[in-house]
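Q: Take a look at data-v7.cif, mmCIF, C-alpha atoms (C1' of nucleotides):
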data_upload
#
loop_
_atom_site.label_atom_id
_atom_site.label_comp_id
_atom_site.auth_asym_id
_atom_site.auth_seq_id
_atom_site.Cartn_x
_atom_site.Cartn_y
_atom_site.Cartn_z
CA LEU A 1 13.58 -14.53 24.03
CA PHE A 2 10.40 -12.61 24.62
CA CYS A 3 12.37 -9.48 25.50
CA CYS A 4 14.59 -9.81 22.44
CA ASN A 5 11.56 -10.09 20.20
CA SER A 6 10.18 -6.80 21.47
CA MET A 7 13.61 -5.22 21.15
CA LEU A 8 13.87 -6.11 17.47
CA TYR A 9 11.15 -3.64 16.62
CA GLY A 10 12.53 -1.01 18.98
CA TYR A 11 15.99 -1.35 17.45
CA SER A 12 14.65 -0.88 13.95
CA VAL A 13 12.92 2.34 15.01
CA LEU A 14 15.86 3.74 16.95
CA TYR A 15 18.88 2.49 15.03
CA GLY A 16 17.54 1.18 11.73
CA VAL A 17 16.83 -2.24 10.31
CA GLU A 18 20.50 -3.18 10.00
CA ALA A 19 20.89 -2.87 13.78
CA ALA A 20 17.83 -5.04 14.28
CA VAL A 21 19.28 -7.63 11.92
CA ASN A 22 22.50 -7.65 13.93
CA LEU A 23 20.61 -8.06 17.16
CA PHE A 24 18.62 -10.87 15.60
CA TYR A 25 21.72 -12.82 14.69
CA GLN A 26 23.19 -12.27 18.15
CA MET A 27 20.17 -13.80 19.81
CA PRO A 28 20.85 -17.25 21.21
CA GLU A 29 17.63 -18.64 19.83
CA HIS A 30 14.76 -17.66 17.57
CA ASP A 31 11.08 -18.49 17.32
CA ASP A 32 8.32 -17.82 14.79
CA VAL A 33 7.81 -14.37 16.25
CA SER A 34 11.43 -13.29 15.87
CA TRP A 35 11.54 -14.55 12.31
CA SER A 36 8.26 -12.95 11.35
CA THR A 37 9.22 -9.67 12.93
CA MET A 38 12.50 -9.54 11.02
CA ILE A 39 10.88 -10.47 7.74
CA SER A 40 8.21 -7.83 8.03
CA LEU A 41 10.72 -5.18 9.13
CA SER A 42 12.96 -6.01 6.19
CA SER A 43 10.21 -5.89 3.59
CA GLN A 44 8.74 -2.73 5.11
CA HIS A 45 12.05 -0.91 4.82
CA GLY A 46 12.87 -1.94 1.30
CA TYR A 47 15.20 -4.82 2.09
CA GLY A 48 13.22 -7.16 -0.10
CA SER A 49 15.87 -9.72 -0.90
CA LYS A 50 16.83 -9.84 2.77
CA ALA A 51 13.21 -10.67 3.55
CA LEU A 52 13.17 -13.45 0.95
CA ASN A 53 16.43 -14.92 2.23
CA MET A 54 15.21 -14.88 5.78
CA PHE A 55 11.99 -16.55 4.75
CA VAL A 56 13.95 -19.40 3.16
CA GLU A 57 16.15 -19.68 6.23
CA MET A 58 13.15 -19.70 8.51
CA TRP A 59 11.48 -22.37 6.45
CA ASN A 60 14.58 -24.56 6.30
CA GLN A 61 14.86 -24.43 10.06
CA GLY A 62 11.33 -25.72 10.36
CA PHE A 63 9.54 -22.63 11.65
CA MET A 64 5.96 -22.00 10.58
CA PRO A 65 5.14 -18.78 8.78
CA ASN A 66 1.68 -17.39 9.47
CA SER A 67 -0.41 -15.25 7.11
CA MET A 68 1.25 -12.04 8.20
CA THR A 69 4.64 -13.52 7.52
CA TYR A 70 3.44 -14.54 4.07
CA ALA A 71 1.99 -11.10 3.47
CA SER A 72 5.35 -9.55 4.29
CA VAL A 73 7.23 -11.81 1.91
CA ILE A 74 4.73 -11.14 -0.85
CA ARG A 75 5.21 -7.43 -0.31
CA ALA A 76 8.94 -8.04 -0.73
CA CYS A 77 8.28 -9.77 -4.06
CA THR A 78 6.16 -6.84 -5.16
CA GLY A 79 8.98 -4.40 -4.45
CA LEU A 80 11.46 -6.64 -6.27
CA TYR A 81 9.09 -7.26 -9.21
CA ASP A 82 9.72 -10.92 -8.54
CA LEU A 83 6.61 -12.54 -9.94
CA ASP A 84 8.08 -16.04 -9.89
CA TRP A 85 8.58 -15.93 -6.18
CA GLY A 86 5.19 -14.35 -5.71
CA CYS A 87 3.39 -17.10 -7.58
CA HIS A 88 5.41 -19.66 -5.72
CA LEU A 89 4.29 -18.17 -2.42
CA TYR A 90 0.70 -18.07 -3.60
CA ALA A 91 0.80 -21.80 -4.28
CA ARG A 92 2.53 -22.47 -1.00
CA ILE A 93 -0.09 -20.55 0.99
CA LEU A 94 -2.87 -22.55 -0.64
CA ARG A 95 -1.00 -25.71 0.21
CA MET A 96 -0.27 -24.77 3.81
CA GLN A 97 -3.35 -22.83 4.79
CA SER A 98 -5.85 -24.06 2.21
CA SER A 99 -7.23 -20.59 1.57
CA LEU A 100 -6.33 -16.94 1.49
CA ASP A 101 -7.29 -14.59 4.26
CA ALA A 102 -7.44 -10.79 4.30
CA TYR A 103 -3.69 -10.38 4.77
CA THR A 104 -2.39 -12.79 2.18
CA GLY A 105 -5.25 -12.03 -0.21
CA ASN A 106 -4.72 -8.30 -0.15
CA ALA A 107 -0.98 -8.63 -0.45
CA LEU A 108 -1.48 -10.77 -3.57
CA ILE A 109 -4.00 -8.37 -5.08
CA ASP A 110 -1.53 -5.56 -4.51
CA MET A 111 1.29 -7.57 -6.08
CA TYR A 112 -0.62 -8.44 -9.24
CA ALA A 113 -2.03 -4.93 -9.47
CA LYS A 114 1.36 -3.27 -9.19
CA LEU A 115 2.86 -5.60 -11.76
CA GLY A 116 0.03 -4.83 -14.18
CA LEU A 117 -1.53 -8.28 -14.12
CA LEU A 118 -5.02 -6.92 -13.63
CA ASP A 119 -6.81 -10.14 -14.54
CA SER A 120 -4.88 -12.08 -11.94
CA ALA A 121 -5.51 -9.37 -9.39
CA ARG A 122 -9.18 -9.60 -10.17
CA ARG A 123 -9.18 -13.39 -9.85
CA VAL A 124 -7.62 -13.21 -6.39
CA PHE A 125 -10.11 -10.52 -5.46
CA ASP A 126 -13.02 -12.68 -6.58
CA SER A 127 -11.68 -15.67 -4.72
CA LEU A 128 -11.76 -13.87 -1.38
CA THR A 129 -14.79 -14.52 0.77
CA GLU A 130 -14.66 -11.06 2.24
CA HIS A 131 -13.42 -7.79 0.82
CA ASN A 132 -12.31 -4.90 2.93
CA VAL A 133 -11.44 -1.37 1.88
CA VAL A 134 -7.83 -2.38 1.18
CA SER A 135 -8.86 -5.17 -1.22
CA TRP A 136 -10.97 -2.72 -3.19
CA THR A 137 -8.43 0.07 -3.17
CA SER A 138 -5.58 -2.18 -4.28
CA LEU A 139 -7.59 -3.39 -7.24
CA ILE A 140 -8.75 0.11 -8.13
CA SER A 141 -5.21 1.41 -7.84
CA GLY A 142 -3.93 -1.19 -10.29
CA ASN A 143 -6.57 -0.23 -12.81
CA VAL A 144 -5.72 3.44 -12.43
CA GLN A 145 -2.02 2.83 -12.79
CA PHE A 146 -2.37 0.76 -15.92
CA GLY A 147 -4.73 3.00 -17.80
CA CYS A 148 -8.08 1.37 -17.11
CA ILE A 149 -9.67 4.44 -15.61
CA GLU A 150 -13.20 3.49 -16.62
CA GLN A 151 -12.79 0.11 -14.97
CA ALA A 152 -11.41 1.83 -11.88
CA VAL A 153 -14.47 4.05 -11.71
CA ALA A 154 -16.78 1.09 -12.27
CA LEU A 155 -15.17 -0.64 -9.30
CA PHE A 156 -15.43 2.51 -7.25
CA ASN A 157 -19.15 2.74 -7.96
CA GLN A 158 -19.60 -0.93 -7.19
CA MET A 159 -17.80 -0.40 -3.94
CA LYS A 160 -20.25 2.26 -2.86
CA LYS A 161 -22.98 -0.37 -3.07
CA ALA A 162 -20.99 -2.79 -0.96
CA PRO A 163 -21.48 -2.64 2.79
CA LEU A 164 -18.36 -0.59 3.25
CA PHE A 165 -17.34 2.91 2.33
CA PRO A 166 -14.45 4.15 0.26
CA ASP A 167 -12.04 5.90 2.59
CA ALA A 168 -9.71 8.83 1.98
CA ILE A 169 -7.15 6.65 0.26
CA THR A 170 -9.68 5.11 -2.12
CA VAL A 171 -11.00 8.50 -3.18
CA SER A 172 -7.48 9.91 -3.57
CA THR A 173 -6.56 6.96 -5.74
CA VAL A 174 -9.41 7.57 -8.17
CA LEU A 175 -8.76 11.31 -8.14
CA GLY A 176 -5.15 10.55 -8.98
CA GLY A 177 -6.44 8.67 -12.01
CA CYS A 178 -8.51 11.66 -13.10
CA THR A 179 -5.38 13.77 -12.80
CA SER A 180 -3.23 11.44 -14.87
CA TYR A 181 -5.75 11.12 -17.66
CA LYS A 182 -7.12 14.65 -17.38
CA GLU A 183 -10.61 13.28 -16.74
CA ILE A 184 -11.84 16.56 -15.39
CA THR A 185 -15.55 15.87 -15.77
CA LEU A 186 -15.21 12.71 -13.80
CA GLY A 187 -12.94 14.47 -11.35
CA MET A 188 -15.49 17.16 -10.69
CA GLN A 189 -18.18 14.56 -10.08
CA LEU A 190 -15.89 12.96 -7.56
CA HIS A 191 -15.21 16.34 -6.05
CA GLY A 192 -18.95 16.68 -5.53
CA TYR A 193 -19.01 13.31 -3.83
CA THR A 194 -16.20 14.31 -1.48
CA VAL A 195 -18.01 17.52 -0.53
CA LYS A 196 -21.17 15.55 0.16
CA THR A 197 -19.34 13.11 2.40
CA GLY A 198 -17.08 15.71 3.98
CA ALA A 199 -14.03 13.90 2.64
CA ASP A 200 -12.76 17.02 0.91
CA SER A 201 -11.52 18.36 4.22
CA LEU A 202 -9.29 15.34 4.71
CA THR A 203 -5.73 16.22 3.88
CA THR A 204 -4.99 13.36 1.47
CA VAL A 205 -8.18 13.97 -0.47
CA GLY A 206 -7.69 17.73 -0.54
CA ASN A 207 -4.14 17.25 -1.77
CA ALA A 208 -5.37 15.08 -4.63
CA LEU A 209 -7.95 17.74 -5.53
CA ILE A 210 -5.37 20.55 -5.54
CA THR A 211 -3.17 18.48 -7.81
CA MET A 212 -5.99 17.64 -10.16
CA TYR A 213 -7.11 21.24 -10.62
CA GLY A 214 -3.52 22.38 -10.96
CA LYS A 215 -2.88 19.83 -13.67
CA VAL A 216 -5.84 20.92 -15.78
CA GLY A 217 -4.97 24.59 -15.38
CA ASP A 218 -7.76 25.53 -12.98
CA VAL A 219 -5.53 27.42 -10.55
CA CYS A 220 -8.49 29.14 -9.01
CA SER A 221 -10.11 25.90 -7.85
CA ALA A 222 -6.74 24.61 -6.71
CA GLU A 223 -6.25 27.66 -4.51
CA THR A 224 -9.80 27.55 -3.22
CA GLN A 225 -9.35 23.93 -2.22
CA PHE A 226 -6.07 24.77 -0.52
CA ASP A 227 -7.68 27.58 1.48
CA LEU A 228 -10.56 25.34 2.55
CA MET A 229 -8.36 22.71 4.06
CA PRO A 230 -8.25 22.73 7.85
CA ILE A 231 -5.02 20.76 7.99
CA LYS A 232 -2.30 21.33 5.41
CA ASP A 233 0.81 19.23 5.21
CA ILE A 234 4.00 19.52 3.18
CA ILE A 235 2.27 17.87 0.22
CA SER A 236 -0.56 20.44 0.25
CA TRP A 237 1.95 23.27 0.08
CA THR A 238 4.04 21.65 -2.62
CA ALA A 239 0.96 20.82 -4.64
CA VAL A 240 -0.45 24.34 -4.53
CA ILE A 241 2.93 25.91 -5.28
CA THR A 242 3.35 23.54 -8.21
CA ALA A 243 -0.13 24.43 -9.44
CA LEU A 244 0.70 28.13 -9.30
CA SER A 245 4.11 27.81 -10.92
CA GLN A 246 2.91 25.64 -13.75
CA ASN A 247 0.18 28.10 -14.60
CA SER A 248 2.16 31.29 -14.17
CA ASP A 249 0.74 34.40 -15.71
"C1'" U B 1 5.81 -8.84 17.97
"C1'" A B 2 4.57 -8.13 13.10
"C1'" C B 3 0.56 -7.64 7.42
"C1'" C B 4 -1.82 -5.10 2.62
"C1'" G B 5 -3.90 0.11 -0.44
"C1'" U B 6 -3.28 6.55 -1.39
"C1'" U B 7 -2.11 12.22 -2.63
"C1'" G B 8 2.86 16.63 -4.24
"C1'" C B 9 7.97 17.72 -5.58
"C1'" C B 10 12.98 15.87 -6.29
"C1'" G B 11 15.97 11.79 -7.29
#
Would you write the structure of this file as structure tokens?

A:
Amino acid sequence: LFCCNSMLYGYSVLYGVEAAVNLFYQMPEHDDVSWSTMISLSSQHGYGSKALNMFVEMWNQGFMPNSMTYASVIRACTGLYDLDWGCHLYARILRMQSSLDAYTGNALIDMYAKLGLLDSARRVFDSLTEHNVVSWTSLISGNVQFGCIEQAVALFNQMKKAPLFPDAITVSTVLGGCTSYKEITLGMQLHGYTVKTGADSLTTVGNALITMYGKVGDVCSAETQFDLMPIKDIISWTAVITALSQNSD
RNA sequence: UACCGUUGCCG
């Protein structure tokens, strides 16, 4: 059983999730680990309804989901835009585990944020005893995506006062907001912040900066940023080419 | 053994 559990993950990497599912059903017996592994693999690879079905099956057979299992199923709900199931899981977690932890809490924040229920996302956020960089970024991302850029920035500034630092993903998220809403003044302030912290040399952050300058027609800054970057990936190249082509002279 | 957030283009 132990060997099979390790093989489930290996199978999904080598042959795809379907192969892992087949292996799973060929196993003579299952335990919480096998179930949880399959559920997280399924939700990670976009097989959301498969993940939900397996969760029900697992539950009916009397196995105990842990917070990572719950987080995986919530992620599945997020991908399926299945708010009913998500709320149901929320209630069930509170019933079974009495409180949210970092995994379930962040998964719920992400779910509400992606579905545009920013107030609910905020309530979950506030109910957590501890916030990590993912909690903050998920909430910020929701506000960016649903047009509350000023609220996103307010959160970002609040976060800088918290005992943890925004990472590359947090900064890229806010920069993405500046791009969408053409908030160039704000974007340039953020650019200054990234230079100060050295974050501008990180590929994700640099990519977001290239895109932002390209979008507002500042090809020169876009190119400069591109040239400054020590590590360029496929996104850097696409972003700079897009910037150049959309501002052709 | 597995959890959650991000940046370009195309679909």

Q: Using only C-alpha atoms (C1' of nucleotides), find the residues of chain A whose closest atom to chain B is at most 6 Å away, then write them as a list in words.

A: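 Result, ordered by chain then number: Ser6, Thr37, Met68, Ala71, Tyr103, Asn106, Ala107, Val134, Thr137, Ser138, Ile169, Ser172, Thr173, Thr204, Asn207, Ala208, Ile235, Thr238 and Ala239 of chain A.
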
Q: Please write the residues picked by the PyMOL selection byres ((chain A and resi 152) around 10) on this file as a list in words.

A: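 That selection, the PyMOL selection byres ((chain A and resi 152) around 10), comes back as Trp136, Thr137, Leu139, Ile140, Ser141, Gly142, Asn143, Val144, Gln145, Phe146, Gly147, Cys148, Ile149, Glu150, Gln151, Val153, Ala154, Leu155, Phe156, Asn157, Gln158, Thr173, Val174 and Gly177 of chain A.
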
Q: Of the candidates A:Tyr15, A:Phe2, A:Tyr81, A:Tyr70, which one gets nearest to Ser40 of chain A if we count only C-alpha atoms?

A: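 Closest residue, counting only C-alpha atoms: A:Tyr70.
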
Q: Distance atom CA of Pro65 of chain A-atom CA of Trp35 of chain A, one decimal place?

A: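 Going from atom CA of Pro65 of chain A over to atom CA of Trp35 of chain A covers 8.4 Å.
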
Q: At most 10 Å from (17.3, -8.4, 11.1), file frame, only C-alpha atoms (C1' of nucleotides): which residues, as a list in words?

A: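 Protein and nucleic acid residues near the point are Leu8, Tyr9, Tyr11, Ser12, Gly16, Val17, Glu18, Ala19, Ala20, Val21, Asn22, Leu23, Phe24, Tyr25, Gln26, Ser34, Trp35, Thr37, Met38, Ile39, Ser40, Leu41, Ser42, Tyr47, Lys50, Ala51 and Met54 of chain A.
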
Q: What's around segment 240-247 of chain A at 10 Å? Count all atoms listed in the file, leave out sequence neighbours fewer than 2 positions away in its own chain, and write the answer as a tab-separated table (two decimals) with C-alpha atoms (C1' of nucleotides), in the coordinates of the input.

A:
chain	number	residue	atom	x	y	z
A	207	ASN	CA	-4.14	17.25	-1.77
A	210	ILE	CA	-5.37	20.55	-5.54
A	211	THR	CA	-3.17	18.48	-7.81
A	212	MET	CA	-5.99	17.64	-10.16
A	213	TYR	CA	-7.11	21.24	-10.62
A	214	GLY	CA	-3.52	22.38	-10.96
A	215	LYS	CA	-2.88	19.83	-13.67
A	216	VAL	CA	-5.84	20.92	-15.78
A	217	GLY	CA	-4.97	24.59	-15.38
A	218	ASP	CA	-7.76	25.53	-12.98
A	219	VAL	CA	-5.53	27.42	-10.55
A	220	CYS	CA	-8.49	29.14	-9.01
A	222	ALA	CA	-6.74	24.61	-6.71
A	223	GLU	CA	-6.25	27.66	-4.51
A	224	THR	CA	-9.80	27.55	-3.22
A	225	GLN	CA	-9.35	23.93	-2.22
A	226	PHE	CA	-6.07	24.77	-0.52
A	227	ASP	CA	-7.68	27.58	1.48
A	235	ILE	CA	2.27	17.87	0.22
A	236	SER	CA	-0.56	20.44	0.25
A	237	TRP	CA	1.95	23.27	0.08
A	238	THR	CA	4.04	21.65	-2.62
A	249	ASP	CA	0.74	34.40	-15.71
B	8	G	C1'	2.86	16.63	-4.24
B	9	C	C1'	7.97	17.72	-5.58

Q: Each side padded by 3 Å, which centre and which edge lengths in Å (one decimal) define the axis-aligned box around the listed atoms of segment 85-92 of chain A? Give them as AutoDock Vina command-line options.

A:
--center_x 4.6 --center_y -18.4 --center_z -4.3 --size_x 13.9 --size_y 14.1 --size_z 12.6

Q: Can you measure atom CA of Met111 of chain A to atom CA of Thr78 of chain A for me? One decimal in Å is fine.

A: 5.0 Å

Q: Quick one: of A:Asn5, A:Thr170, A:Ser67, A:Gln44, who's nearest to Thr194 of chain A, counting all atoms listed in the file?

A: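 Checking each of A:Asn5, A:Thr170, A:Ser67, A:Gln44 against Thr194 of chain A, counting all atoms listed in the file, the winner is A:Thr170.
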
Q: Go ahead and compute the interatomic distance for atom CA of Tyr112 of chain A and atom CA of Trp59 of chain A, in Å to one decimal.

A: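 Between atom CA of Tyr112 of chain A and atom CA of Trp59 of chain A the gap is 24.2 Å.
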
Q: If we count only C-alpha atoms (C1' of nucleotides), what is near Glu130 of chain A at a cut-off of 12 Å, once residues fewer than 6 positions away on the same chain are taken out, given as a list in words?

A: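 Those residues are Leu100, Asp101, Ala102, Tyr103, Gly105, Asn106, Val124, Trp136, Ala162, Pro163 and Leu164 of chain A.
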
Q: Convert the output of the PyMOL selection byres ((chain A and resi 87-97) around 9) on the shown file into explicit residues, formatted as a list in words.

A: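 Selected by the PyMOL selection byres ((chain A and resi 87-97) around 9) here: Asn66, Ser67, Tyr70, Val73, Ile74, Asp82, Leu83, Asp84, Trp85, Gly86, Ser98, Ser99, Leu100, Thr104 and Leu108 of chain A.
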
Q: Using all atoms listed in the file, can you tell me which of A:Lys161, A:Arg122, A:Lys232, A:His30 comes closest to Leu202 of chain A?

A: A:Lys232

Q: Return segment 8-26 of chain A, completed with N, CA, C and O atoms, as an mmCIF file, in the frame of the given file.

A:
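Heads up, here's the output in out.cif:
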data_model
loop_
_atom_site.group_PDB
_atom_site.id
_atom_site.type_symbol
_atom_site.label_atom_id
_atom_site.label_comp_id
_atom_site.auth_asym_id
_atom_site.auth_seq_id
_atom_site.Cartn_x
_atom_site.Cartn_y
_atom_site.Cartn_z
ATOM 1 N N LEU A 8 13.589 -6.145 18.907
ATOM 2 C CA LEU A 8 13.870 -6.110 17.470
ATOM 3 C C LEU A 8 13.170 -4.914 16.831
ATOM 4 O O LEU A 8 13.768 -4.151 16.073
ATOM 5 N N TYR A 9 11.913 -4.752 17.170
ATOM 6 C CA TYR A 9 11.150 -3.640 16.620
ATOM 7 C C TYR A 9 11.711 -2.310 17.108
ATOM 8 O O TYR A 9 11.936 -1.383 16.327
ATOM 9 N N GLY A 10 11.981 -2.233 18.397
ATOM 10 C CA GLY A 10 12.530 -1.010 18.980
ATOM 11 C C GLY A 10 13.838 -0.616 18.325
ATOM 12 O O GLY A 10 14.067 0.550 17.999
ATOM 13 N N TYR A 11 14.708 -1.595 18.111
ATOM 14 C CA TYR A 11 15.990 -1.350 17.450
ATOM 15 C C TYR A 11 15.808 -0.770 16.066
ATOM 16 O O TYR A 11 16.516 0.127 15.651
ATOM 17 N N SER A 12 14.836 -1.338 15.325
ATOM 18 C CA SER A 12 14.650 -0.880 13.950
ATOM 19 C C SER A 12 14.191 0.577 13.936
ATOM 20 O O SER A 12 14.570 1.351 13.065
ATOM 21 N N VAL A 13 13.389 0.961 14.946
ATOM 22 C CA VAL A 13 12.920 2.340 15.010
ATOM 23 C C VAL A 13 14.065 3.275 15.402
ATOM 24 O O VAL A 13 14.274 4.324 14.791
ATOM 25 N N LEU A 14 14.823 2.860 16.413
ATOM 26 C CA LEU A 14 15.860 3.740 16.950
ATOM 27 C C LEU A 14 17.126 3.750 16.107
ATOM 28 O O LEU A 14 17.700 4.801 15.860
ATOM 29 N N TYR A 15 17.563 2.579 15.678
ATOM 30 C CA TYR A 15 18.880 2.490 15.030
ATOM 31 C C TYR A 15 18.827 1.988 13.589
ATOM 32 O O TYR A 15 19.853 1.836 12.958
ATOM 33 N N GLY A 16 17.651 1.667 13.106
ATOM 34 C CA GLY A 16 17.540 1.180 11.730
ATOM 35 C C GLY A 16 17.469 -0.333 11.654
ATOM 36 O O GLY A 16 17.773 -1.040 12.619
ATOM 37 N N VAL A 17 17.059 -0.805 10.506
ATOM 38 C CA VAL A 17 16.830 -2.240 10.310
ATOM 39 C C VAL A 17 18.118 -3.043 10.438
ATOM 40 O O VAL A 17 18.125 -4.145 10.972
ATOM 41 N N GLU A 18 19.223 -2.456 9.940
ATOM 42 C CA GLU A 18 20.500 -3.180 10.000
ATOM 43 C C GLU A 18 20.828 -3.559 11.440
ATOM 44 O O GLU A 18 21.269 -4.672 11.720
ATOM 45 N N ALA A 19 20.609 -2.611 12.361
ATOM 46 C CA ALA A 19 20.890 -2.870 13.780
ATOM 47 C C ALA A 19 19.994 -3.990 14.290
ATOM 48 O O ALA A 19 20.455 -4.854 15.061
ATOM 49 N N ALA A 20 18.747 -3.989 13.850
ATOM 50 C CA ALA A 20 17.830 -5.040 14.280
ATOM 51 C C ALA A 20 18.284 -6.395 13.748
ATOM 52 O O ALA A 20 18.211 -7.406 14.444
ATOM 53 N N VAL A 21 18.772 -6.392 12.513
ATOM 54 C CA VAL A 21 19.280 -7.630 11.920
ATOM 55 C C VAL A 21 20.461 -8.158 12.740
ATOM 56 O O VAL A 21 20.538 -9.345 13.055
ATOM 57 N N ASN A 22 21.359 -7.243 13.102
ATOM 58 C CA ASN A 22 22.500 -7.650 13.930
ATOM 59 C C ASN A 22 22.061 -8.245 15.246
ATOM 60 O O ASN A 22 22.557 -9.293 15.663
ATOM 61 N N LEU A 23 21.133 -7.566 15.887
ATOM 62 C CA LEU A 23 20.610 -8.060 17.160
ATOM 63 C C LEU A 23 20.013 -9.445 16.977
ATOM 64 O O LEU A 23 20.254 -10.359 17.767
ATOM 65 N N PHE A 24 19.271 -9.593 15.889
ATOM 66 C CA PHE A 24 18.620 -10.870 15.600
ATOM 67 C C PHE A 24 19.638 -12.009 15.550
ATOM 68 O O PHE A 24 19.441 -13.064 16.139
ATOM 69 N N TYR A 25 20.736 -11.759 14.844
ATOM 70 C CA TYR A 25 21.720 -12.820 14.690
ATOM 71 C C TYR A 25 22.566 -13.033 15.950
ATOM 72 O O TYR A 25 23.278 -14.032 16.065
ATOM 73 N N GLN A 26 22.484 -12.073 16.882
ATOM 74 C CA GLN A 26 23.190 -12.270 18.150
ATOM 75 C C GLN A 26 22.332 -13.011 19.170
ATOM 76 O O GLN A 26 22.826 -13.455 20.201
#
